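Engineer: Contents of input.cif (mmCIF, N, CA and C atoms) are given next:
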```cif
data_data
#
loop_
_atom_site.label_atom_id
_atom_site.label_comp_id
_atom_site.auth_asym_id
_atom_site.auth_seq_id
_atom_site.Cartn_x
_atom_site.Cartn_y
_atom_site.Cartn_z
N MET A 4 12.83 85.02 270.83
CA MET A 4 12.14 86.16 270.25
C MET A 4 10.74 86.32 270.82
N ALA A 5 10.03 85.21 271.02
CA ALA A 5 8.67 85.29 271.54
C ALA A 5 8.67 85.86 272.96
N ILE A 6 9.68 85.49 273.75
CA ILE A 6 9.78 86.01 275.11
C ILE A 6 10.02 87.52 275.09
N GLU A 7 10.83 87.98 274.15
CA GLU A 7 11.13 89.41 274.09
C GLU A 7 9.89 90.24 273.78
N ILE A 8 9.06 89.77 272.85
CA ILE A 8 7.85 90.53 272.53
C ILE A 8 6.89 90.50 273.70
N ILE A 9 6.86 89.42 274.44
CA ILE A 9 6.00 89.35 275.62
C ILE A 9 6.47 90.37 276.66
N LYS A 10 7.80 90.49 276.84
CA LYS A 10 8.34 91.49 277.77
C LYS A 10 7.97 92.90 277.32
N ILE A 11 8.14 93.17 276.04
CA ILE A 11 7.85 94.51 275.50
C ILE A 11 6.37 94.85 275.68
N VAL A 12 5.51 93.92 275.31
CA VAL A 12 4.07 94.16 275.41
C VAL A 12 3.66 94.34 276.87
N THR A 13 4.24 93.54 277.76
CA THR A 13 3.90 93.66 279.18
C THR A 13 4.31 95.02 279.72
N ILE A 14 5.52 95.44 279.42
CA ILE A 14 5.98 96.76 279.87
C ILE A 14 5.10 97.87 279.29
N ALA A 15 4.75 97.75 278.02
CA ALA A 15 3.92 98.77 277.37
C ALA A 15 2.52 98.83 277.99
N LEU A 16 1.95 97.67 278.26
CA LEU A 16 0.61 97.65 278.86
C LEU A 16 0.61 98.19 280.29
N VAL A 17 1.61 97.82 281.07
CA VAL A 17 1.72 98.36 282.43
C VAL A 17 1.87 99.88 282.38
N ALA A 18 2.72 100.36 281.48
CA ALA A 18 2.91 101.81 281.34
C ALA A 18 1.62 102.49 280.90
N THR A 19 0.88 101.85 280.02
CA THR A 19 -0.38 102.42 279.56
C THR A 19 -1.38 102.54 280.70
N PHE A 20 -1.52 101.47 281.48
CA PHE A 20 -2.45 101.52 282.61
C PHE A 20 -2.02 102.56 283.65
N LEU A 21 -0.71 102.63 283.93
CA LEU A 21 -0.20 103.64 284.86
C LEU A 21 -0.47 105.05 284.33
N ALA A 22 -0.23 105.23 283.05
CA ALA A 22 -0.45 106.55 282.45
C ALA A 22 -1.92 106.94 282.53
N LEU A 23 -2.82 105.99 282.32
CA LEU A 23 -4.25 106.28 282.41
C LEU A 23 -4.64 106.69 283.83
N ILE A 24 -4.04 106.03 284.81
CA ILE A 24 -4.34 106.36 286.20
C ILE A 24 -3.77 107.74 286.57
N VAL A 25 -2.53 107.99 286.17
CA VAL A 25 -1.84 109.24 286.53
C VAL A 25 -2.37 110.42 285.72
N LYS A 26 -2.89 110.15 284.53
CA LYS A 26 -3.31 111.21 283.62
C LYS A 26 -4.35 112.15 284.23
N GLU A 27 -5.22 111.61 285.06
CA GLU A 27 -6.27 112.44 285.67
C GLU A 27 -5.69 113.48 286.61
N GLN A 28 -4.65 113.10 287.36
CA GLN A 28 -4.05 114.01 288.33
C GLN A 28 -2.92 114.85 287.73
N LYS A 29 -2.04 114.20 286.96
CA LYS A 29 -0.86 114.87 286.41
C LYS A 29 -0.65 114.44 284.96
N PRO A 30 -1.30 115.10 284.01
CA PRO A 30 -1.18 114.69 282.61
C PRO A 30 0.24 114.80 282.07
N ASN A 31 1.01 115.78 282.54
CA ASN A 31 2.39 115.92 282.06
C ASN A 31 3.24 114.72 282.48
N LEU A 32 3.04 114.25 283.69
CA LEU A 32 3.78 113.09 284.18
C LEU A 32 3.40 111.84 283.40
N ALA A 33 2.14 111.71 283.07
CA ALA A 33 1.68 110.56 282.28
C ALA A 33 2.34 110.56 280.91
N PHE A 34 2.41 111.74 280.29
CA PHE A 34 3.05 111.84 278.97
C PHE A 34 4.53 111.49 279.07
N LEU A 35 5.22 112.00 280.08
CA LEU A 35 6.64 111.69 280.26
C LEU A 35 6.87 110.20 280.50
N LEU A 36 5.96 109.56 281.23
CA LEU A 36 6.05 108.12 281.45
C LEU A 36 5.98 107.36 280.13
N ILE A 37 5.05 107.75 279.29
CA ILE A 37 4.89 107.09 277.99
C ILE A 37 6.11 107.32 277.11
N VAL A 38 6.62 108.54 277.08
CA VAL A 38 7.82 108.83 276.28
C VAL A 38 9.00 108.01 276.80
N PHE A 39 9.18 107.96 278.12
CA PHE A 39 10.27 107.20 278.71
C PHE A 39 10.18 105.72 278.36
N VAL A 40 9.01 105.15 278.48
CA VAL A 40 8.84 103.73 278.17
C VAL A 40 9.05 103.49 276.67
N GLY A 41 8.56 104.39 275.84
CA GLY A 41 8.78 104.25 274.39
C GLY A 41 10.25 104.27 274.04
N CYS A 42 11.00 105.19 274.63
CA CYS A 42 12.45 105.26 274.39
C CYS A 42 13.15 104.03 274.95
N SER A 43 12.69 103.55 276.09
CA SER A 43 13.29 102.35 276.69
C SER A 43 13.09 101.13 275.79
N ILE A 44 11.92 101.01 275.21
CA ILE A 44 11.65 99.90 274.29
C ILE A 44 12.56 100.01 273.08
N PHE A 45 12.72 101.21 272.56
CA PHE A 45 13.60 101.43 271.41
C PHE A 45 15.03 101.02 271.77
N LEU A 46 15.51 101.42 272.94
CA LEU A 46 16.86 101.06 273.36
C LEU A 46 17.00 99.56 273.61
N PHE A 47 15.94 98.93 274.10
CA PHE A 47 15.92 97.49 274.30
C PHE A 47 16.14 96.77 272.97
N LEU A 48 15.63 97.35 271.91
CA LEU A 48 15.74 96.73 270.58
C LEU A 48 17.03 97.08 269.85
N ALA A 49 17.84 97.95 270.42
CA ALA A 49 19.07 98.39 269.76
C ALA A 49 19.99 97.22 269.42
N ASP A 50 20.11 96.24 270.31
CA ASP A 50 20.94 95.07 270.03
C ASP A 50 20.42 94.30 268.82
N LYS A 51 19.12 94.17 268.74
CA LYS A 51 18.53 93.44 267.60
C LYS A 51 18.77 94.20 266.30
N ILE A 52 18.66 95.51 266.36
CA ILE A 52 18.91 96.33 265.18
C ILE A 52 20.36 96.15 264.73
N TYR A 53 21.29 96.14 265.68
CA TYR A 53 22.70 95.96 265.37
C TYR A 53 22.94 94.59 264.73
N GLU A 54 22.30 93.55 265.25
CA GLU A 54 22.43 92.21 264.68
C GLU A 54 21.91 92.18 263.24
N ILE A 55 20.81 92.84 262.99
CA ILE A 55 20.23 92.88 261.64
C ILE A 55 21.19 93.59 260.68
N ILE A 56 21.77 94.69 261.13
CA ILE A 56 22.71 95.44 260.28
C ILE A 56 23.92 94.58 259.95
N LEU A 57 24.48 93.88 260.95
CA LEU A 57 25.62 93.00 260.70
C LEU A 57 25.27 91.89 259.70
N MET A 58 24.08 91.31 259.85
CA MET A 58 23.65 90.26 258.95
C MET A 58 23.52 90.79 257.52
N LEU A 59 22.93 91.96 257.36
CA LEU A 59 22.77 92.54 256.03
C LEU A 59 24.12 92.88 255.41
N GLU A 60 25.05 93.37 256.23
CA GLU A 60 26.39 93.66 255.71
C GLU A 60 27.08 92.38 255.23
N LYS A 61 26.92 91.30 256.00
CA LYS A 61 27.53 90.02 255.61
C LYS A 61 26.93 89.52 254.30
N ILE A 62 25.62 89.64 254.15
CA ILE A 62 24.96 89.21 252.91
C ILE A 62 25.44 90.06 251.74
N ALA A 63 25.58 91.37 251.96
CA ALA A 63 26.02 92.27 250.89
C ALA A 63 27.45 91.94 250.45
N VAL A 64 28.31 91.65 251.41
CA VAL A 64 29.70 91.30 251.07
C VAL A 64 29.72 89.99 250.29
N ASN A 65 28.95 89.00 250.72
CA ASN A 65 28.91 87.71 250.02
C ASN A 65 28.32 87.85 248.61
N ALA A 66 27.42 88.79 248.42
CA ALA A 66 26.78 88.99 247.11
C ALA A 66 27.53 90.00 246.25
N ASN A 67 28.66 90.50 246.74
CA ASN A 67 29.47 91.50 246.04
C ASN A 67 28.67 92.76 245.70
N VAL A 68 27.82 93.16 246.63
CA VAL A 68 27.03 94.39 246.46
C VAL A 68 27.87 95.55 246.99
N ASN A 69 27.86 96.65 246.26
CA ASN A 69 28.59 97.83 246.69
C ASN A 69 28.04 98.29 248.04
N THR A 70 28.92 98.44 249.02
CA THR A 70 28.47 98.78 250.37
C THR A 70 27.84 100.17 250.45
N VAL A 71 28.14 101.02 249.48
CA VAL A 71 27.52 102.35 249.47
C VAL A 71 26.01 102.23 249.36
N TYR A 72 25.55 101.28 248.54
CA TYR A 72 24.11 101.10 248.38
C TYR A 72 23.48 100.56 249.66
N LEU A 73 24.16 99.61 250.30
CA LEU A 73 23.64 99.07 251.55
C LEU A 73 23.59 100.15 252.61
N GLU A 74 24.63 100.95 252.72
CA GLU A 74 24.65 102.04 253.71
C GLU A 74 23.51 103.02 253.45
N THR A 75 23.28 103.33 252.19
CA THR A 75 22.20 104.25 251.84
C THR A 75 20.85 103.67 252.22
N ILE A 76 20.64 102.41 251.92
CA ILE A 76 19.37 101.76 252.25
C ILE A 76 19.17 101.72 253.76
N LEU A 77 20.22 101.41 254.51
CA LEU A 77 20.11 101.39 255.97
C LEU A 77 19.82 102.78 256.52
N LYS A 78 20.41 103.81 255.93
CA LYS A 78 20.12 105.18 256.36
C LYS A 78 18.67 105.53 256.07
N ILE A 79 18.18 105.11 254.92
CA ILE A 79 16.78 105.35 254.56
C ILE A 79 15.84 104.68 255.56
N ILE A 80 16.14 103.43 255.90
CA ILE A 80 15.32 102.72 256.88
C ILE A 80 15.38 103.42 258.23
N GLY A 81 16.58 103.86 258.61
CA GLY A 81 16.73 104.58 259.88
C GLY A 81 15.92 105.86 259.92
N ILE A 82 15.95 106.61 258.82
CA ILE A 82 15.16 107.85 258.75
C ILE A 82 13.67 107.53 258.89
N ALA A 83 13.23 106.47 258.23
CA ALA A 83 11.81 106.11 258.29
C ALA A 83 11.39 105.76 259.72
N TYR A 84 12.21 104.96 260.41
CA TYR A 84 11.87 104.57 261.78
C TYR A 84 11.93 105.76 262.74
N ILE A 85 12.95 106.58 262.61
CA ILE A 85 13.09 107.73 263.51
C ILE A 85 11.95 108.72 263.29
N ALA A 86 11.62 108.98 262.03
CA ALA A 86 10.53 109.91 261.73
C ALA A 86 9.20 109.37 262.26
N GLU A 87 8.98 108.08 262.10
CA GLU A 87 7.74 107.47 262.61
C GLU A 87 7.68 107.55 264.13
N PHE A 88 8.79 107.24 264.79
CA PHE A 88 8.85 107.29 266.25
C PHE A 88 8.58 108.70 266.75
N ALA A 89 9.26 109.68 266.17
CA ALA A 89 9.08 111.07 266.59
C ALA A 89 7.65 111.55 266.29
N SER A 90 7.12 111.14 265.16
CA SER A 90 5.76 111.52 264.79
C SER A 90 4.74 110.97 265.79
N GLN A 91 4.91 109.73 266.20
CA GLN A 91 3.99 109.14 267.16
C GLN A 91 4.06 109.83 268.51
N ILE A 92 5.27 110.15 268.96
CA ILE A 92 5.41 110.87 270.23
C ILE A 92 4.76 112.24 270.14
N THR A 93 4.97 112.91 269.01
CA THR A 93 4.38 114.23 268.82
C THR A 93 2.86 114.15 268.79
N LYS A 94 2.31 113.11 268.16
CA LYS A 94 0.86 112.92 268.16
C LYS A 94 0.35 112.65 269.57
N ASP A 95 1.11 111.85 270.34
CA ASP A 95 0.73 111.58 271.73
C ASP A 95 0.68 112.87 272.55
N ALA A 96 1.52 113.83 272.18
CA ALA A 96 1.54 115.11 272.89
C ALA A 96 0.42 116.04 272.41
N GLY A 97 -0.37 115.57 271.44
CA GLY A 97 -1.48 116.37 270.93
C GLY A 97 -1.09 117.36 269.85
N GLN A 98 0.06 117.13 269.23
CA GLN A 98 0.55 118.03 268.19
C GLN A 98 0.52 117.35 266.82
N GLY A 99 -0.69 117.04 266.36
CA GLY A 99 -0.86 116.34 265.10
C GLY A 99 -0.29 117.08 263.91
N SER A 100 -0.40 118.39 263.91
CA SER A 100 0.12 119.18 262.80
C SER A 100 1.63 119.07 262.71
N LEU A 101 2.30 119.15 263.84
CA LEU A 101 3.76 119.02 263.86
C LEU A 101 4.17 117.60 263.48
N ALA A 102 3.39 116.62 263.90
CA ALA A 102 3.67 115.23 263.54
C ALA A 102 3.62 115.05 262.02
N SER A 103 2.67 115.71 261.38
CA SER A 103 2.57 115.64 259.91
C SER A 103 3.80 116.24 259.25
N LYS A 104 4.33 117.30 259.82
CA LYS A 104 5.54 117.93 259.27
C LYS A 104 6.75 117.01 259.43
N ILE A 105 6.82 116.30 260.56
CA ILE A 105 7.92 115.34 260.76
C ILE A 105 7.83 114.23 259.72
N GLU A 106 6.62 113.72 259.48
CA GLU A 106 6.43 112.66 258.50
C GLU A 106 6.82 113.14 257.10
N LEU A 107 6.40 114.35 256.74
CA LEU A 107 6.75 114.91 255.43
C LEU A 107 8.26 115.08 255.30
N SER A 108 8.90 115.57 256.35
CA SER A 108 10.35 115.75 256.32
C SER A 108 11.05 114.42 256.11
N GLY A 109 10.60 113.39 256.81
CA GLY A 109 11.18 112.07 256.64
C GLY A 109 11.04 111.57 255.21
N LYS A 110 9.88 111.76 254.63
CA LYS A 110 9.65 111.30 253.25
C LYS A 110 10.54 112.04 252.26
N ILE A 111 10.70 113.34 252.46
CA ILE A 111 11.55 114.12 251.55
C ILE A 111 13.01 113.70 251.68
N LEU A 112 13.48 113.49 252.92
CA LEU A 112 14.86 113.04 253.12
C LEU A 112 15.08 111.66 252.53
N ILE A 113 14.10 110.78 252.65
CA ILE A 113 14.21 109.44 252.06
C ILE A 113 14.30 109.54 250.54
N LEU A 114 13.46 110.36 249.94
CA LEU A 114 13.50 110.53 248.49
C LEU A 114 14.85 111.09 248.04
N ALA A 115 15.36 112.07 248.78
CA ALA A 115 16.65 112.66 248.42
C ALA A 115 17.77 111.62 248.50
N MET A 116 17.73 110.77 249.50
CA MET A 116 18.77 109.75 249.64
C MET A 116 18.62 108.63 248.62
N ALA A 117 17.41 108.40 248.13
CA ALA A 117 17.16 107.31 247.20
C ALA A 117 17.50 107.67 245.76
N ILE A 118 17.67 108.93 245.46
CA ILE A 118 17.92 109.34 244.07
C ILE A 118 19.13 108.64 243.45
N PRO A 119 20.28 108.55 244.13
CA PRO A 119 21.40 107.83 243.50
C PRO A 119 21.09 106.37 243.18
N ILE A 120 20.37 105.71 244.06
CA ILE A 120 20.01 104.31 243.81
C ILE A 120 19.04 104.21 242.64
N LEU A 121 18.05 105.11 242.60
CA LEU A 121 17.11 105.12 241.48
C LEU A 121 17.81 105.40 240.17
N THR A 122 18.81 106.29 240.20
CA THR A 122 19.57 106.61 238.99
C THR A 122 20.30 105.38 238.46
N VAL A 123 20.93 104.63 239.34
CA VAL A 123 21.64 103.41 238.94
C VAL A 123 20.67 102.39 238.37
N ILE A 124 19.51 102.25 238.99
CA ILE A 124 18.52 101.29 238.50
C ILE A 124 18.04 101.68 237.10
N ILE A 125 17.74 102.96 236.90
CA ILE A 125 17.28 103.43 235.59
C ILE A 125 18.37 103.24 234.53
N GLU A 126 19.63 103.56 234.89
CA GLU A 126 20.74 103.39 233.94
C GLU A 126 20.92 101.92 233.58
N THR A 127 20.76 101.02 234.54
CA THR A 127 20.88 99.58 234.29
C THR A 127 19.79 99.11 233.37
N ILE A 128 18.57 99.58 233.58
CA ILE A 128 17.46 99.20 232.71
C ILE A 128 17.67 99.70 231.29
N ILE A 129 18.16 100.93 231.17
CA ILE A 129 18.41 101.51 229.84
C ILE A 129 19.48 100.70 229.10
N GLN A 130 20.51 100.25 229.82
CA GLN A 130 21.57 99.45 229.19
C GLN A 130 21.07 98.09 228.74
N MET A 131 20.05 97.57 229.42
CA MET A 131 19.51 96.26 229.06
C MET A 131 18.60 96.32 227.84
N LEU A 132 18.05 97.49 227.55
CA LEU A 132 17.15 97.65 226.41
C LEU A 132 17.95 97.56 225.10
N PRO A 133 17.38 96.90 224.10
CA PRO A 133 18.07 96.84 222.81
C PRO A 133 18.09 98.23 222.15
N SER A 134 19.18 98.50 221.48
CA SER A 134 19.34 99.82 220.84
C SER A 134 18.46 99.99 219.64
#
```
Represent the structure from my file as structure tokens, please.
Structural biologist:
Amino acid sequence: MAIEIIKIVTIALVATFLALIVKEQKPNLAFLLIVFVGCSIFLFLADKIYEIILMLEKIAVNANVNTVYLETILKIIGIAYIAEFASQITKDAGQGSLASKIELSGKILILAMAIPILTVIIETIIQMLPS
């Protein structure tokens, strides 16, 4: 794991220095370089994300947790990461206002997906309270 983060940081720093050099002559190319490297890092981590999902599914099965809840939580996490990634790229492009809209959209979608889980939690708490 330590080697992987060193690889990621090295690639990111090299891309940053290249982008700074290229930015003076061709700002569009510098932006595309940063987006490409950002997407490459995300794809590099796809295997790790898959391993984490498999591990969580195994834990959920062993704990007899309804897989619907796990799927919902994983979707919520996915929305959060995708919204953050898109927001950062949009900010890098100088579109802070649009980045804010992406962040708001992600938060609203997360809340909408969390309602069934919140409902079950509230119902469980109500059942535990003495009548």
Engineer: Would you tabulate, counting all atoms listed in the file, all residues of segment 81-134 of chain A that have an atom at most 8 Å from an atom of segment 29-51 of chain A, showing the closest pair of atoms and their distance in Å to one decimal, sorted by chain then ascending number, as JSON lines?
Structural biologist:
```
{"residue": "A:Ile92", "atom": "CA", "partner": "A:Val38", "partner_atom": "CA", "distance": 6.8}
{"residue": "A:Asp95", "atom": "C", "partner": "A:Phe34", "partner_atom": "CA", "distance": 6.9}
{"residue": "A:Ala96", "atom": "CA", "partner": "A:Phe34", "partner_atom": "CA", "distance": 7.1}
```
Engineer: For atom N of Ile79 of chain A and atom CA of Ile52 of chain A, determine how far apart the two atoms are, in Å to one decimal place.
Structural biologist: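 The value is 13.5 Å.
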Engineer: Given the choices A:Leu21, A:Leu73, A:Ala15, A:Met4, which gets closest to Leu59 of chain A if the distance is worked out from only C-alpha atoms?
Structural biologist: A:Leu73
Engineer: Rounded to one decimal, what separation in Å do you get between atom CA of Ile24 of chain A and atom CA of Glu7 of chain A?
Structural biologist: 25.9 Å
Engineer: What is the distance between atom CA of Tyr53 of chain A and atom CA of Thr70 of chain A, in Å to one decimal?
Structural biologist: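 That distance, rounded to one decimal, is 16.3 Å.
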Engineer: Just so the selection is clear, what residues does the PyMOL selection byres (((chain A and resi 72 and name CA) around 12) and name CA) cover here, as a list of chain:residue names?
Structural biologist: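 Selection result, ordered by chain and number: A:Leu59, A:Glu60, A:Ala63, A:Val64, A:Asn67, A:Val68, A:Asn69, A:Thr70, A:Val71, A:Leu73, A:Glu74, A:Thr75, A:Ile76, A:Leu77, A:Lys78, A:Ile79, A:Met116, A:Ala117, A:Ile118, A:Pro119, A:Ile120, A:Leu121, A:Thr122, A:Val123, A:Ile124.
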Engineer: What residues come out when you apply the PyMOL selection byres ((chain A and resi 102-107) around 7) to this file, written as a PyMOL selection string?
Structural biologist: chain A and resi 86-87+89-91+93-94+98-101+108-112
